[in-house]
Amino acid sequence: MTSKGACEASEGATYDSEISLGYQDADIHQIPNATPKPTSSKVEGLINMSASFIVMDLETTDLIRHNVIPHITQIAAVEHETGSQFSCYVVPKAQMSSGAAEITGIVWDGTNLRLKGNVVAAVPIFEALSNFFLWLQKFHKAVLIAHNGKQFDFRILSNAADKSKLFNMFLESCVGCIDSIDVMKSKFPKLQKYSQPYLAEYICNKNYNAHNALDDVSMLNEILKEAKVSSVDLLKHIYSPADHLLQENFNKTSSRIYPACIS
């Protein structure tokens, strides 16, 4: 599902979001103290409390390459129990890569966003994120779930929220993030791979329209239900939604101090 590529071997294709993290600083005359690498933060107090699980996915203008985060072109989500859906196409400010356009069918021509040749309604990223976060706030203790979310969707979403000055609203809208790859590896430790299309076939005996965010979230939600993944199974893998921005800031600092060591 979500996004498509970074870890093709374990997940399938993935894309990412919105800003280059490369820097060219003035000469450094003194080596600064090392910045400690952030670690995942546990979210306490949810195991015995009710939470709303929101399965989400993004489509973007490209993969994440050398810490350059692509722009979001589609946000989709479904509430795990009720099936309530959110879907929004987004006007990107970066050029679509040919690979992303071919796989997702989404093309931005500078005036219109098209899906498989047809113009679709699309809004700027600030409006898209605001609407998404307001939708999340309808649910009690929203927890986001994305397939390959650690490497792709959550990185992109937190970056986009930060650049749009909506990061606080993001943190107010959800209490945690869960990568469903971790969940499925824990529940099915001996599978040969964990890409969403493979899981759809293995668990649900289905093929589906991969690389459309709304179809992706609907399929992942079905996989979780068919696999009888419980709230306890999910919450074992929850971490703070603030973690990804901490990681990006660490990457920025590291790239400035040790530019030759950052690929």
# chains A, B, ... in the order shown; residues from 1 in each chain; ligands from 1
call {"tool": "select_by_dssp", "arguments": {"residues": "stretch 36-153 of chain A", "states": "alpha helix (DSSP H)", "output": "count of residues only"}}
result
20
call {"tool": "residues_around", "arguments": {"residues": "A:Val78", "least_positions_apart": "5", "cutoff": "9 Å", "atoms": "only C-alpha atoms", "output": "list of chain:residue names"}}
result
A:Phe53, A:Ile54, A:Val55, A:Met56, A:Gly83, A:Ser84, A:Gln85, A:Phe86, A:Ser87, A:Leu214, A:Val217, A:Ser218, A:Asn221
call {"tool": "atom_distance", "arguments": {"atom1": "atom CA of A:Phe133", "atom2": "atom CA of A:Asp153"}}
result
14.9 Å
call {"tool": "select_by_dssp", "arguments": {"residues": "stretch 7-234 of chain A", "states": "strand (DSSP E or B)", "output": "ChimeraX atom specification"}}
result
/A:16,52-60,62,65,68,72-79,85-90,106-108,113-115,118-120,122-123,142-146,176-179
call {"tool": "closest_residue", "arguments": {"among": "A:Glu222, A:Glu102, A:Asp243, A:Glu127", "to": "A:Leu171", "atoms": "only C-alpha atoms"}}
result
A:Asp243
call {"tool": "closest_residue", "arguments": {"among": "A:Ala122, A:Ala76, A:Val232, A:Ala200", "to": "A:Ala51", "atoms": "only C-alpha atoms"}}
result
A:Val232
call {"tool": "atom_distance", "arguments": {"atom1": "atom CA of A:Ser52", "atom2": "atom CA of A:Lys141"}}
result
5.8 Å
call {"tool": "atom_distance", "arguments": {"atom1": "atom CA of A:Ile69", "atom2": "atom CA of A:Phe152"}}
result
9.3 Å
call {"tool": "residues_around", "arguments": {"residues": "A:Asn209", "least_positions_apart": "2", "cutoff": "12 Å", "atoms": "only C-alpha atoms", "output": "PyMOL selection string"}}
result
chain A and resi 1+103-105+196-197+200+206-207+211-220
call {"tool": "closest_residue", "arguments": {"among": "A:Asn148, A:Asp62, A:Asp179, A:Leu115", "to": "A:Leu235", "atoms": "only C-alpha atoms"}}
result
A:Asp179
call {"tool": "closest_residue", "arguments": {"among": "A:Ser186, A:Ser50, A:Gln192, A:Asn205", "to": "A:Asp233", "atoms": "only C-alpha atoms"}}
result
A:Ser186
call {"tool": "residues_around", "arguments": {"residues": "A:Lys236", "least_positions_apart": "4", "cutoff": "9 Å", "atoms": "only C-alpha atoms", "output": "ChimeraX atom specification"}}
result
/A:47,178,183,231-232
call {"tool": "write_last_selection", "arguments": {"atoms": "all heavy atoms", "output": "compact mmCIF listing (two decimals), in the first residue's frame"}}
result
# COMPACT_ATOMS: atom_id res chain seq x y z
N ILE A 47 -2.69 0.76 25.98
CA ILE A 47 -2.98 -0.67 25.92
C ILE A 47 -4.35 -1.00 26.50
O ILE A 47 -5.10 -1.80 25.95
CB ILE A 47 -1.88 -1.48 26.66
CG1 ILE A 47 -0.54 -1.30 25.94
CG2 ILE A 47 -2.25 -2.96 26.72
CD1 ILE A 47 -0.52 -1.83 24.53
N ILE A 178 1.88 3.69 13.65
CA ILE A 178 2.20 2.26 13.60
C ILE A 178 2.52 1.89 12.16
O ILE A 178 1.76 2.21 11.25
CB ILE A 178 1.02 1.39 14.09
CG1 ILE A 178 0.70 1.68 15.56
CG2 ILE A 178 1.31 -0.09 13.89
CD1 ILE A 178 -0.59 1.04 16.04
N VAL A 183 3.90 -4.91 12.23
CA VAL A 183 2.80 -5.72 12.78
C VAL A 183 2.74 -7.08 12.08
O VAL A 183 2.64 -8.12 12.73
CB VAL A 183 1.46 -4.97 12.62
CG1 VAL A 183 0.31 -5.84 13.12
CG2 VAL A 183 1.49 -3.64 13.37
N SER A 231 -6.25 -5.00 18.55
CA SER A 231 -5.72 -3.71 19.02
C SER A 231 -4.44 -3.92 19.82
O SER A 231 -3.52 -3.11 19.77
CB SER A 231 -6.76 -2.98 19.85
OG SER A 231 -7.13 -3.74 20.98
N VAL A 232 -4.37 -5.02 20.56
CA VAL A 232 -3.15 -5.33 21.32
C VAL A 232 -1.99 -5.59 20.36
O VAL A 232 -0.87 -5.10 20.57
CB VAL A 232 -3.37 -6.55 22.24
CG1 VAL A 232 -2.06 -6.97 22.90
CG2 VAL A 232 -4.41 -6.23 23.29
call {"tool": "closest_residue", "arguments": {"among": "A:Leu199, A:Leu166, A:Ile64, A:Leu144", "to": "A:Ile125", "atoms": "only C-alpha atoms"}}
result
A:Leu166
call {"tool": "closest_residue", "arguments": {"among": "A:Phe139, A:Leu134, A:Lys150, A:Thr60", "to": "A:Ala101", "atoms": "only C-alpha atoms"}}
result
A:Thr60
call {"tool": "decode", "arguments": {"residues": "stretch 158-177 of chain A", "atoms": "N, CA and C atoms", "output": "short mmCIF file (atom, residue, chain, number, x, y, z; two decimals), in the first residue's frame"}}
result
data_model
loop_
_atom_site.label_atom_id
_atom_site.label_comp_id
_atom_site.auth_asym_id
_atom_site.auth_seq_id
_atom_site.Cartn_x
_atom_site.Cartn_y
_atom_site.Cartn_z
N SER A 158 4.97 14.14 8.26
CA SER A 158 5.49 15.03 9.30
C SER A 158 6.29 16.18 8.69
N ASN A 159 7.03 15.91 7.61
CA ASN A 159 7.75 16.97 6.92
C ASN A 159 6.80 18.00 6.33
N ALA A 160 5.77 17.51 5.66
CA ALA A 160 4.80 18.41 5.05
C ALA A 160 4.09 19.25 6.10
N ALA A 161 3.75 18.63 7.23
CA ALA A 161 3.11 19.37 8.31
C ALA A 161 4.03 20.44 8.87
N ASP A 162 5.30 20.11 9.02
CA ASP A 162 6.27 21.08 9.53
C ASP A 162 6.45 22.24 8.57
N LYS A 163 6.64 21.95 7.29
CA LYS A 163 6.85 23.01 6.30
C LYS A 163 5.61 23.88 6.12
N SER A 164 4.43 23.30 6.40
CA SER A 164 3.18 24.06 6.27
C SER A 164 2.78 24.77 7.56
N LYS A 165 3.65 24.70 8.57
CA LYS A 165 3.38 25.31 9.88
C LYS A 165 2.14 24.68 10.54
N LEU A 166 1.96 23.38 10.31
CA LEU A 166 0.82 22.67 10.87
C LEU A 166 1.26 21.50 11.77
N PHE A 167 2.53 21.51 12.19
CA PHE A 167 3.02 20.36 12.94
C PHE A 167 2.31 20.21 14.29
N ASN A 168 2.03 21.32 14.95
CA ASN A 168 1.32 21.23 16.23
C ASN A 168 -0.08 20.66 16.03
N MET A 169 -0.72 21.06 14.94
CA MET A 169 -2.04 20.52 14.63
C MET A 169 -1.96 19.02 14.35
N PHE A 170 -0.88 18.60 13.70
CA PHE A 170 -0.65 17.18 13.45
C PHE A 170 -0.56 16.42 14.77
N LEU A 171 0.22 16.94 15.72
CA LEU A 171 0.38 16.28 17.00
C LEU A 171 -0.91 16.28 17.81
N GLU A 172 -1.74 17.30 17.61
CA GLU A 172 -3.03 17.35 18.30
C GLU A 172 -4.05 16.39 17.69
N SER A 173 -3.77 15.92 16.46
CA SER A 173 -4.74 15.12 15.72
C SER A 173 -4.56 13.63 15.89
N CYS A 174 -3.36 13.19 16.31
CA CYS A 174 -3.15 11.76 16.48
C CYS A 174 -2.20 11.53 17.66
N VAL A 175 -2.35 10.37 18.27
CA VAL A 175 -1.54 10.08 19.46
C VAL A 175 -0.37 9.15 19.16
N GLY A 176 -0.35 8.57 17.96
CA GLY A 176 0.74 7.65 17.66
C GLY A 176 0.71 7.17 16.23
N CYS A 177 1.81 6.51 15.84
CA CYS A 177 1.97 5.95 14.50
C CYS A 177 2.35 4.47 14.62
#
